[in-house]
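J.: Sharing model.csv below, CSV, C-alpha atoms and all ligand atoms:
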```csv
chain,number,residue,atom,x,y,z
A,1,MET,CA,-229.4,-150.0,36.4
A,2,LYS,CA,-229.0,-149.6,32.6
A,3,ILE,CA,-228.4,-152.6,30.4
A,4,TYR,CA,-227.6,-152.4,26.7
A,5,ILE,CA,-228.4,-155.3,24.3
A,6,VAL,CA,-226.8,-155.4,20.9
A,7,THR,CA,-228.2,-157.9,18.5
A,8,ASP,CA,-226.8,-159.8,15.5
A,9,SER,CA,-228.8,-162.3,13.6
A,10,GLU,CA,-226.4,-165.1,12.6
A,11,GLY,CA,-226.4,-166.4,16.2
A,12,LEU,CA,-230.2,-166.6,16.6
A,13,SER,CA,-231.4,-170.0,17.6
A,14,GLY,CA,-233.6,-170.7,14.6
A,15,VAL,CA,-231.0,-169.5,12.1
A,16,SER,CA,-229.2,-172.4,10.5
A,17,SER,CA,-227.7,-170.8,7.4
A,18,SER,CA,-227.1,-167.5,5.6
A,19,SER,CA,-230.4,-168.1,3.7
A,20,TYR,CA,-232.1,-166.7,6.8
A,21,ILE,CA,-230.2,-163.4,7.0
A,22,SER,CA,-228.4,-162.5,3.8
A,23,GLU,CA,-229.9,-159.5,2.0
A,24,GLU,CA,-228.4,-160.7,-1.3
A,25,LYS,CA,-228.6,-164.5,-1.1
A,26,GLY,CA,-231.4,-165.0,1.5
A,27,ARG,CA,-234.8,-166.5,0.9
A,28,PRO,CA,-237.5,-163.9,1.7
A,29,ASP,CA,-239.6,-166.3,3.7
A,30,LEU,CA,-236.6,-167.3,5.8
A,31,ILE,CA,-235.6,-163.7,6.3
A,32,ALA,CA,-239.1,-162.9,7.5
A,33,GLU,CA,-238.9,-165.8,9.9
A,34,SER,CA,-235.5,-164.7,11.3
A,35,ARG,CA,-236.9,-161.3,12.0
A,36,LYS,CA,-239.6,-162.8,14.1
A,37,LEU,CA,-237.1,-165.0,15.9
A,38,LEU,CA,-234.9,-161.9,16.6
A,39,ALA,CA,-237.9,-160.1,18.1
A,40,ALA,CA,-238.7,-163.1,20.3
A,41,GLU,CA,-235.1,-163.4,21.5
A,42,ILE,CA,-234.9,-159.7,22.2
A,43,ASN,CA,-238.1,-159.8,24.2
A,44,ALA,CA,-236.9,-163.0,26.1
A,45,CYS,CA,-233.7,-161.1,26.9
A,46,VAL,CA,-235.5,-157.9,28.0
A,47,GLU,CA,-237.6,-160.1,30.4
A,48,GLY,CA,-234.5,-161.6,31.9
A,49,CYS,CA,-232.9,-158.1,32.3
A,50,VAL,CA,-235.9,-156.8,34.2
A,51,ARG,CA,-236.0,-159.9,36.4
A,52,GLY,CA,-232.3,-159.3,37.1
A,53,GLY,CA,-232.8,-155.7,38.2
A,54,ALA,CA,-232.4,-153.6,35.1
A,55,THR,CA,-234.4,-150.3,35.2
A,56,GLU,CA,-233.3,-149.0,31.8
A,57,ILE,CA,-232.9,-151.2,28.7
A,58,VAL,CA,-231.6,-150.1,25.3
A,59,VAL,CA,-231.7,-152.5,22.4
A,60,ARG,CA,-229.4,-151.9,19.4
A,61,ASP,CA,-230.6,-153.7,16.3
A,62,GLY,CA,-227.1,-154.5,15.0
A,63,HIS,CA,-227.3,-156.8,12.0
A,64,GLY,CA,-226.8,-155.3,8.6
A,65,GLY,CA,-228.4,-151.9,8.3
A,66,GLY,CA,-230.0,-152.2,11.8
A,67,GLN,CA,-233.6,-152.4,10.6
A,68,ASN,CA,-234.5,-156.0,11.2
A,69,VAL,CA,-237.2,-155.4,13.8
A,70,THR,CA,-239.8,-152.7,14.2
A,71,ARG,CA,-240.6,-150.8,17.4
A,72,ALA,CA,-243.9,-152.5,17.6
A,73,MET,CA,-242.2,-155.9,17.8
A,74,ILE,CA,-240.2,-155.0,20.9
A,75,ASP,CA,-241.2,-155.1,24.6
A,76,GLY,CA,-242.3,-151.6,25.8
A,77,ARG,CA,-239.8,-151.8,28.7
A,78,ALA,CA,-236.9,-151.3,26.3
A,79,ASP,CA,-235.9,-148.5,23.9
A,80,LEU,CA,-234.9,-149.6,20.4
A,81,ILE,CA,-232.0,-148.1,18.3
A,82,GLY,CA,-232.3,-148.9,14.6
A,83,GLY,CA,-230.6,-147.6,11.4
A,84,GLN,CA,-227.3,-145.8,11.2
A,85,THR,CA,-225.3,-144.1,14.0
A,86,PRO,CA,-222.3,-142.5,12.2
A,87,GLY,CA,-218.9,-142.8,13.9
A,88,VAL,CA,-220.0,-145.0,16.8
A,89,LEU,CA,-220.6,-148.7,17.1
A,90,LEU,CA,-223.0,-148.6,20.0
A,91,ALA,CA,-224.8,-145.3,20.4
A,92,ASP,CA,-225.9,-144.2,23.9
A,93,LEU,CA,-223.8,-147.0,25.5
A,94,GLU,CA,-222.5,-144.6,28.2
A,95,GLY,CA,-223.5,-145.4,31.7
A,96,SER,CA,-224.6,-149.0,31.0
A,97,ALA,CA,-223.8,-151.5,33.8
A,98,GLY,CA,-223.4,-154.2,31.2
A,99,LEU,CA,-223.6,-155.1,27.5
A,100,ILE,CA,-225.3,-158.2,26.2
A,101,LEU,CA,-224.3,-159.6,22.8
A,102,LEU,CA,-227.4,-161.4,21.6
A,103,GLY,CA,-227.4,-163.7,18.5
A,104,TYR,CA,-223.7,-163.4,17.9
A,105,HIS,CA,-221.4,-165.7,15.8
A,106,ALA,CA,-217.9,-166.9,15.9
A,107,MET,CA,-215.0,-165.2,14.2
A,108,ALA,CA,-214.1,-165.8,10.5
A,109,GLY,CA,-212.6,-169.2,9.9
A,110,THR,CA,-214.0,-171.0,13.0
A,111,PRO,CA,-214.6,-174.6,12.0
A,112,GLY,CA,-218.3,-175.8,12.3
A,113,ALA,CA,-219.5,-172.3,13.3
A,114,VAL,CA,-222.8,-171.1,11.8
A,115,CYS,CA,-222.3,-168.1,9.5
A,116,GLU,CA,-218.7,-167.6,10.7
A,117,HIS,CA,-217.3,-164.3,9.6
A,118,THR,CA,-215.8,-161.1,10.9
A,119,MET,CA,-217.7,-157.8,10.0
A,120,SER,CA,-218.1,-158.7,6.3
A,121,SER,CA,-218.2,-162.2,4.9
A,122,LYS,CA,-217.9,-160.8,1.4
A,123,THR,CA,-214.8,-158.6,1.7
A,124,TRP,CA,-213.0,-159.3,5.1
A,125,GLN,CA,-210.9,-162.5,5.6
A,126,ASN,CA,-209.3,-161.8,9.0
A,127,VAL,CA,-208.8,-159.0,11.5
A,128,TRP,CA,-206.1,-158.8,14.2
A,129,ILE,CA,-206.1,-156.2,17.0
A,130,ASN,CA,-202.7,-155.7,18.6
A,131,GLY,CA,-201.6,-159.0,17.0
A,132,ARG,CA,-204.5,-161.1,18.3
A,133,LYS,CA,-207.0,-162.5,15.8
A,134,THR,CA,-210.3,-161.0,16.7
A,135,GLY,CA,-213.9,-161.6,15.8
A,136,GLU,CA,-217.0,-159.5,16.4
A,137,ILE,CA,-217.3,-160.7,20.0
A,138,GLY,CA,-213.8,-159.3,20.7
A,139,ILE,CA,-214.4,-156.1,18.7
A,140,CYS,CA,-217.6,-155.3,20.5
A,141,ALA,CA,-216.1,-156.1,23.9
A,142,TYR,CA,-213.0,-153.9,23.2
A,143,VAL,CA,-215.2,-151.0,22.1
A,144,ALA,CA,-217.5,-151.4,25.1
A,145,GLY,CA,-214.4,-151.5,27.3
A,146,GLU,CA,-213.3,-148.2,25.9
A,147,HIS,CA,-216.7,-146.8,27.1
A,148,GLY,CA,-216.3,-148.3,30.5
A,149,VAL,CA,-218.9,-151.1,29.9
A,150,PRO,CA,-218.3,-154.8,30.4
A,151,VAL,CA,-219.8,-157.6,28.2
A,152,ILE,CA,-221.9,-159.6,30.6
A,153,MET,CA,-223.5,-162.2,28.3
A,154,VAL,CA,-223.1,-163.6,24.8
A,155,SER,CA,-225.6,-165.8,23.1
A,156,GLY,CA,-225.1,-167.8,19.9
A,157,ASP,CA,-224.1,-171.3,18.8
A,158,ASP,CA,-221.6,-173.5,20.7
A,159,LYS,CA,-218.6,-172.0,18.8
A,160,ALA,CA,-219.6,-168.4,19.6
A,161,CYS,CA,-220.0,-169.4,23.3
A,162,ALA,CA,-216.6,-171.1,23.3
A,163,GLU,CA,-215.1,-167.9,21.8
A,164,ALA,CA,-216.8,-165.8,24.4
A,165,ALA,CA,-215.6,-168.1,27.2
A,166,GLU,CA,-212.0,-167.7,25.9
A,167,TRP,CA,-212.2,-163.9,25.5
A,168,LEU,CA,-214.6,-163.0,28.4
A,169,PRO,CA,-214.3,-165.7,31.1
A,170,GLU,CA,-216.6,-163.9,33.5
A,171,ALA,CA,-219.4,-163.3,31.0
A,172,VAL,CA,-222.4,-165.6,31.0
A,173,THR,CA,-222.7,-167.7,27.8
A,174,CYS,CA,-226.0,-168.8,26.4
A,175,GLN,CA,-225.8,-171.6,23.8
A,176,VAL,CA,-229.0,-171.6,21.7
A,177,LYS,CA,-227.9,-174.0,18.9
A,178,LYS,CA,-225.1,-176.4,17.8
A,179,GLY,CA,-223.2,-175.5,14.6
A,180,PHE,CA,-222.2,-178.2,12.1
A,181,SER,CA,-220.9,-175.9,9.4
A,182,CYS,CA,-221.2,-172.4,8.1
A,183,ASP,CA,-224.6,-173.3,6.8
A,184,GLY,CA,-225.9,-176.1,9.2
A,185,ALA,CA,-227.1,-176.3,12.8
A,186,ARG,CA,-229.1,-178.3,15.3
A,187,ILE,CA,-231.9,-176.1,16.6
A,188,PRO,CA,-233.8,-176.8,19.8
A,189,ALA,CA,-237.5,-175.9,20.3
A,190,PRO,CA,-238.0,-172.1,20.5
A,191,GLU,CA,-239.5,-172.4,24.0
A,192,LYS,CA,-236.3,-173.9,25.2
A,193,SER,CA,-234.0,-171.3,23.8
A,194,LEU,CA,-236.2,-168.4,24.8
A,195,SER,CA,-236.5,-169.5,28.4
A,196,LEU,CA,-232.7,-170.2,28.5
A,197,ILE,CA,-232.1,-166.6,27.2
A,198,THR,CA,-234.4,-165.2,29.9
A,199,ALA,CA,-232.7,-167.2,32.7
A,200,LYS,CA,-229.2,-166.4,31.4
A,201,ALA,CA,-229.9,-162.7,31.0
A,202,GLU,CA,-231.3,-162.5,34.6
A,203,GLU,CA,-228.1,-164.3,35.9
A,204,ALA,CA,-225.8,-162.0,33.8
A,205,VAL,CA,-227.5,-158.8,35.1
A,206,ARG,CA,-227.3,-159.9,38.7
A,207,LYS,CA,-223.6,-160.5,38.4
A,208,ALA,CA,-222.8,-157.5,36.1
A,209,ALA,CA,-220.8,-155.6,38.7
A,210,ARG,CA,-218.3,-158.5,38.8
A,211,CYS,CA,-217.6,-158.5,35.1
A,212,PRO,CA,-214.2,-156.9,34.1
A,213,LEU,CA,-213.7,-154.6,31.1
A,214,LEU,CA,-211.9,-155.9,28.1
A,215,LYS,CA,-209.2,-153.4,27.3
A,216,ALA,CA,-206.9,-153.1,24.2
A,217,ALA,CA,-203.6,-151.4,24.9
A,218,SER,CA,-203.5,-148.0,23.2
A,219,PRO,CA,-202.4,-147.1,20.6
A,220,VAL,CA,-204.3,-149.8,18.8
A,221,THR,CA,-203.0,-151.5,15.7
A,222,MET,CA,-205.6,-153.1,13.6
A,223,ARG,CA,-204.5,-155.5,10.8
A,224,LEU,CA,-207.1,-156.3,8.1
A,225,GLU,CA,-206.7,-159.1,5.6
A,226,LEU,CA,-209.2,-158.7,2.7
A,227,VAL,CA,-210.8,-161.4,0.6
A,228,SER,CA,-211.1,-159.2,-2.4
A,229,ARG,CA,-208.3,-157.9,-4.7
A,230,ASN,CA,-207.9,-154.3,-5.9
A,231,ARG,CA,-209.0,-152.7,-2.6
A,232,THR,CA,-205.6,-151.6,-1.3
A,233,PRO,CA,-206.1,-148.3,0.5
A,234,VAL,CA,-204.2,-145.2,-0.8
A,235,ASN,CA,-204.4,-143.1,2.4
A,236,PRO,CA,-200.8,-142.9,3.8
A,237,ALA,CA,-202.1,-143.7,7.3
A,238,TYR,CA,-202.3,-147.3,6.2
A,239,ARG,CA,-199.3,-149.5,6.2
A,240,ILE,CA,-199.6,-151.8,3.3
A,241,LEU,CA,-198.3,-155.3,4.1
A,242,ASP,CA,-199.3,-156.9,0.8
A,243,ALA,CA,-202.0,-156.2,-1.8
A,244,ARG,CA,-204.7,-157.6,0.5
A,245,THR,CA,-203.3,-156.9,3.9
A,246,TRP,CA,-202.8,-153.6,5.7
A,247,GLU,CA,-202.4,-152.1,9.1
A,248,LEU,CA,-203.7,-149.0,10.8
A,249,THR,CA,-202.8,-147.5,14.2
A,250,GLN,CA,-205.2,-145.4,16.1
A,251,GLU,CA,-205.8,-144.3,19.7
A,252,THR,CA,-208.8,-146.7,20.2
A,253,VAL,CA,-210.4,-149.8,18.6
A,254,GLU,CA,-213.5,-147.8,17.8
A,255,LYS,CA,-211.4,-145.1,16.0
A,256,ALA,CA,-209.5,-147.8,14.0
A,257,PHE,CA,-212.8,-149.4,12.9
A,258,PHE,CA,-214.4,-146.1,11.9
A,259,PHE,CA,-211.4,-144.5,10.3
A,260,ASN,CA,-212.1,-143.0,7.0
A,261,LEU,CA,-215.7,-144.2,7.0
A,301,ZN,ZN,-224.9,-160.0,11.4
```
For the file at hand, write its structure as structure tokens.
T.:
Amino acid sequence: MKIYIVTDSEGLSGVSSSSYISEEKGRPDLIAESRKLLAAEINACVEGCVRGGATEIVVRDGHGGGQNVTRAMIDGRADLIGGQTPGVLLADLEGSAGLILLGYHAMAGTPGAVCEHTMSSKTWQNVWINGRKTGEIGICAYVAGEHGVPVIMVSGDDKACAEAAEWLPEAVTCQVKKGFSCDGARIPAPEKSLSLITAKAEEAVRKAARCPLLKAASPVTMRLELVSRNRTPVNPAYRILDARTWELTQETVEKAFFFNL
């Protein structure tokens, strides 16, 4: 049984603010710390997947440019995908029995959520897919659904877990911290969050076959509201709603997100 883990860093247990993860605004000592935390959470999750019955595990380092952990930091029972994979969100996802979203965060605008944003905190305000406001949990679940893979587990703060429960009621949620603001959280001892991740991953893998796919009706209309001015697209495929809001219709969620990139 193949299990695919995609990581983000905002939802890691020890990460209480963007100072731990932002390339531009981050503190180098805290960024180094978050990379160790990421490796520890990945390895705790791999252990749980093996206990649950996984025989092939792929880890996609998904935050920023996808180079947050090195091969040497990751459990030898998993393969690691880092760097760029043009045109696809989750390379080599095909054939997976389940997708785990590890270290994820709530969608842009969620009150009290650590590092809340959707895709880009600098340039993107809100995203809707077929009229429903969607965060990265939903986007990943839709894309995985298009590849026939269900999301079986989501880890992050309490707000990310609540969002996962709303979007993916059959998926296992794993709360590893409590958010107070975009830049504030209550963090448990690492042993607690790591053993919780292992236990939840095992549970999720065991019940993977019972998790449904999240499917967006095709064609898919993505609406994007930007933060920044002067970025209105000129390609006629986009319907311009106002200077900072436009829509694009494509066959799939994945094609809409990778259009023109
Ligand atoms: Zn991220």
J.: So that I can check the surroundings of Cys182 of chain A, please list as a list of chain:residue names every protein, DNA and RNA residue that reaches within 9 Å of it, counting all atoms listed in the file and ignoring chain neighbours fewer than 2 positions away.
T.: A:Ser16, A:Ser17, A:Ser18, A:Thr110, A:Pro111, A:Gly112, A:Ala113, A:Val114, A:Cys115, A:Glu116, A:Gly179, A:Phe180, A:Gly184, A:Ala185
J.: Which residues of chain A sit at most 6 Å from ligand ZN 301 (chain A), using only C-alpha atoms and all ligand atoms? Give each one's shortest atom pair and distance in Å (one decimal place), in chain and ascending residue order, as a tab-separated table.
T.:
```
residue	atom	partner	partner_atom	distance
A:Asp8	CA	A:ZN301	ZN	4.5
A:Ser9	CA	A:ZN301	ZN	5.0
A:Glu10	CA	A:ZN301	ZN	5.4
A:His63	CA	A:ZN301	ZN	4.0
A:Gly64	CA	A:ZN301	ZN	5.8
```
J.: So how far away is atom CA of Glu251 of chain A from atom CA of Met153 of chain A, in Å?
T.: 26.6 Å
J.: Of the candidates A:Asn68, A:Thr134, A:Ser193, A:Thr85, which one gets nearest to Ser155 of chain A if we count all atoms listed in the file?
T.: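 Looking only at the distances to Ser155 of chain A, the closest residue turns out to be A:Ser193.
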J.: Set the distance at 7 Å and use all atoms listed in the file: which residues neighbour Ala97 of chain A once local chain neighbours fewer than 2 positions away are removed? I'd like the list as an mmCIF file with C-alpha atoms, keeping the file's coordinate frame.
T.:
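File written: part-v7.cif
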```cif
data_model
loop_
_atom_site.group_PDB
_atom_site.id
_atom_site.type_symbol
_atom_site.label_atom_id
_atom_site.label_comp_id
_atom_site.auth_asym_id
_atom_site.auth_seq_id
_atom_site.Cartn_x
_atom_site.Cartn_y
_atom_site.Cartn_z
ATOM 1 C CA MET A 1 -229.400 -150.000 36.400
ATOM 2 C CA LYS A 2 -229.000 -149.600 32.600
ATOM 3 C CA ILE A 3 -228.400 -152.600 30.400
ATOM 4 C CA GLY A 95 -223.500 -145.400 31.700
ATOM 5 C CA VAL A 149 -218.900 -151.100 29.900
ATOM 6 C CA ALA A 208 -222.800 -157.500 36.100
#
```
J.: Please report the interatomic distance between atom CA of Ile129 of chain A and atom CA of Arg231 of chain A in Å with one decimal.
T.: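 Pair atom CA of Ile129 of chain A / atom CA of Arg231 of chain A returns 20.1 Å.
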J.: Please indicate the distance in Å from atom CA of Lys122 of chain A to atom CA of Ser228 of chain A, rounded to one decimal place.
T.: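 So the answer is 8.0 Å.
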J.: Using all atoms listed in the file, which of the listed residues (A:Ser195, A:Gln125, A:Thr118, A:Ser218) sits closest to Tyr142 of chain A?
T.: A:Ser218
J.: Any idea what's packed within 12 Å of Thr249 of chain A, counting all atoms listed in the file, ignoring anything in its chain fewer than 3 positions away? Could you give it as a PDB file with C-alpha atoms, keeping the file's coordinate frame?
T.:
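Output file around.pdb is given in full below:
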```
ATOM      1  CA  TRP A 128    -206.100-158.800  14.200  1.00  0.00           C
ATOM      2  CA  ILE A 129    -206.100-156.200  17.000  1.00  0.00           C
ATOM      3  CA  ASN A 130    -202.700-155.700  18.600  1.00  0.00           C
ATOM      4  CA  GLY A 131    -201.600-159.000  17.000  1.00  0.00           C
ATOM      5  CA  ALA A 217    -203.600-151.400  24.900  1.00  0.00           C
ATOM      6  CA  SER A 218    -203.500-148.000  23.200  1.00  0.00           C
ATOM      7  CA  PRO A 219    -202.400-147.100  20.600  1.00  0.00           C
ATOM      8  CA  VAL A 220    -204.300-149.800  18.800  1.00  0.00           C
ATOM      9  CA  THR A 221    -203.000-151.500  15.700  1.00  0.00           C
ATOM     10  CA  MET A 222    -205.600-153.100  13.600  1.00  0.00           C
ATOM     11  CA  ARG A 223    -204.500-155.500  10.800  1.00  0.00           C
ATOM     12  CA  LEU A 224    -207.100-156.300   8.100  1.00  0.00           C
ATOM     13  CA  PRO A 236    -200.800-142.900   3.800  1.00  0.00           C
ATOM     14  CA  ALA A 237    -202.100-143.700   7.300  1.00  0.00           C
ATOM     15  CA  TYR A 238    -202.300-147.300   6.200  1.00  0.00           C
ATOM     16  CA  ARG A 239    -199.300-149.500   6.200  1.00  0.00           C
ATOM     17  CA  TRP A 246    -202.800-153.600   5.700  1.00  0.00           C
ATOM     18  CA  THR A 252    -208.800-146.700  20.200  1.00  0.00           C
ATOM     19  CA  VAL A 253    -210.400-149.800  18.600  1.00  0.00           C
ATOM     20  CA  GLU A 254    -213.500-147.800  17.800  1.00  0.00           C
ATOM     21  CA  LYS A 255    -211.400-145.100  16.000  1.00  0.00           C
ATOM     22  CA  ALA A 256    -209.500-147.800  14.000  1.00  0.00           C
ATOM     23  CA  PHE A 257    -212.800-149.400  12.900  1.00  0.00           C
ATOM     24  CA  PHE A 258    -214.400-146.100  11.900  1.00  0.00           C
ATOM     25  CA  PHE A 259    -211.400-144.500  10.300  1.00  0.00           C
TER      26      PHE A 259
END
```
J.: So, with all atoms listed in the file as the atoms that count, which of A:Pro233, A:Gly53, A:Gly11, A:Gly83 lies closest to Asp158 of chain A?
T.: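 Closest to Asp158 of chain A, using all atoms listed in the file: A:Gly11.
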J.: Please return as a list in words every residue within 10 Å of (-226.1, -145.3, 16.4), taking into account only C-alpha atoms and the file's own coordinates.
T.: Arg60, Asp61, Gly62, Gly66, Ile81, Gly82, Gly83, Gln84, Thr85, Pro86, Gly87, Val88, Leu89, Leu90, Ala91, Asp92 and Leu93 of chain A
J.: In terms of the shortest atom-to-atom distance over only C-alpha atoms, which of A:Leu101, A:Leu241, A:Leu168, A:Ala44 is closest to Lys192 of chain A?
T.: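 Checking each candidate against Lys192 of chain A, we get A:Ala44 as the closest.
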J.: Starting from 4 Å padding per side, set up an axis-aligned box that covers all listed atoms of segment 28-32 of chain A and hand over centre and edge lengths in Å, one decimal, as JSON.
T.:
```
{"center_x": -237.6, "center_y": -165.1, "center_z": 4.6, "size_x": 12.0, "size_y": 12.4, "size_z": 13.8}
```
J.: For each of A:Val58, A:Ile187, A:Cys49, A:Ile137, take the minimum atom-to-atom distance to Val15 of chain A, counting only C-alpha atoms, then give the residue where this is smallest.
T.: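 Counting only C-alpha atoms, the residue closest to Val15 of chain A is A:Ile187.
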J.: Find the residues near segment 196-200 of chain A: any atom within 9 Å, counting only C-alpha atoms, skip ones fewer than 4 places away on the same chain, and give them as a tab-separated table (two decimals) with C-alpha atoms, in the frame of the given file.
T.:
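In the end it all went to around-v5.tsv:
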```
chain	number	residue	atom	x	y	z
A	41	GLU	CA	-235.10	-163.40	21.50
A	42	ILE	CA	-234.90	-159.70	22.20
A	43	ASN	CA	-238.10	-159.80	24.20
A	44	ALA	CA	-236.90	-163.00	26.10
A	45	CYS	CA	-233.70	-161.10	26.90
A	46	VAL	CA	-235.50	-157.90	28.00
A	47	GLU	CA	-237.60	-160.10	30.40
A	48	GLY	CA	-234.50	-161.60	31.90
A	49	CYS	CA	-232.90	-158.10	32.30
A	51	ARG	CA	-236.00	-159.90	36.40
A	102	LEU	CA	-227.40	-161.40	21.60
A	153	MET	CA	-223.50	-162.20	28.30
A	155	SER	CA	-225.60	-165.80	23.10
A	172	VAL	CA	-222.40	-165.60	31.00
A	173	THR	CA	-222.70	-167.70	27.80
A	174	CYS	CA	-226.00	-168.80	26.40
A	175	GLN	CA	-225.80	-171.60	23.80
A	176	VAL	CA	-229.00	-171.60	21.70
A	191	GLU	CA	-239.50	-172.40	24.00
A	192	LYS	CA	-236.30	-173.90	25.20
A	204	ALA	CA	-225.80	-162.00	33.80
A	205	VAL	CA	-227.50	-158.80	35.10
```
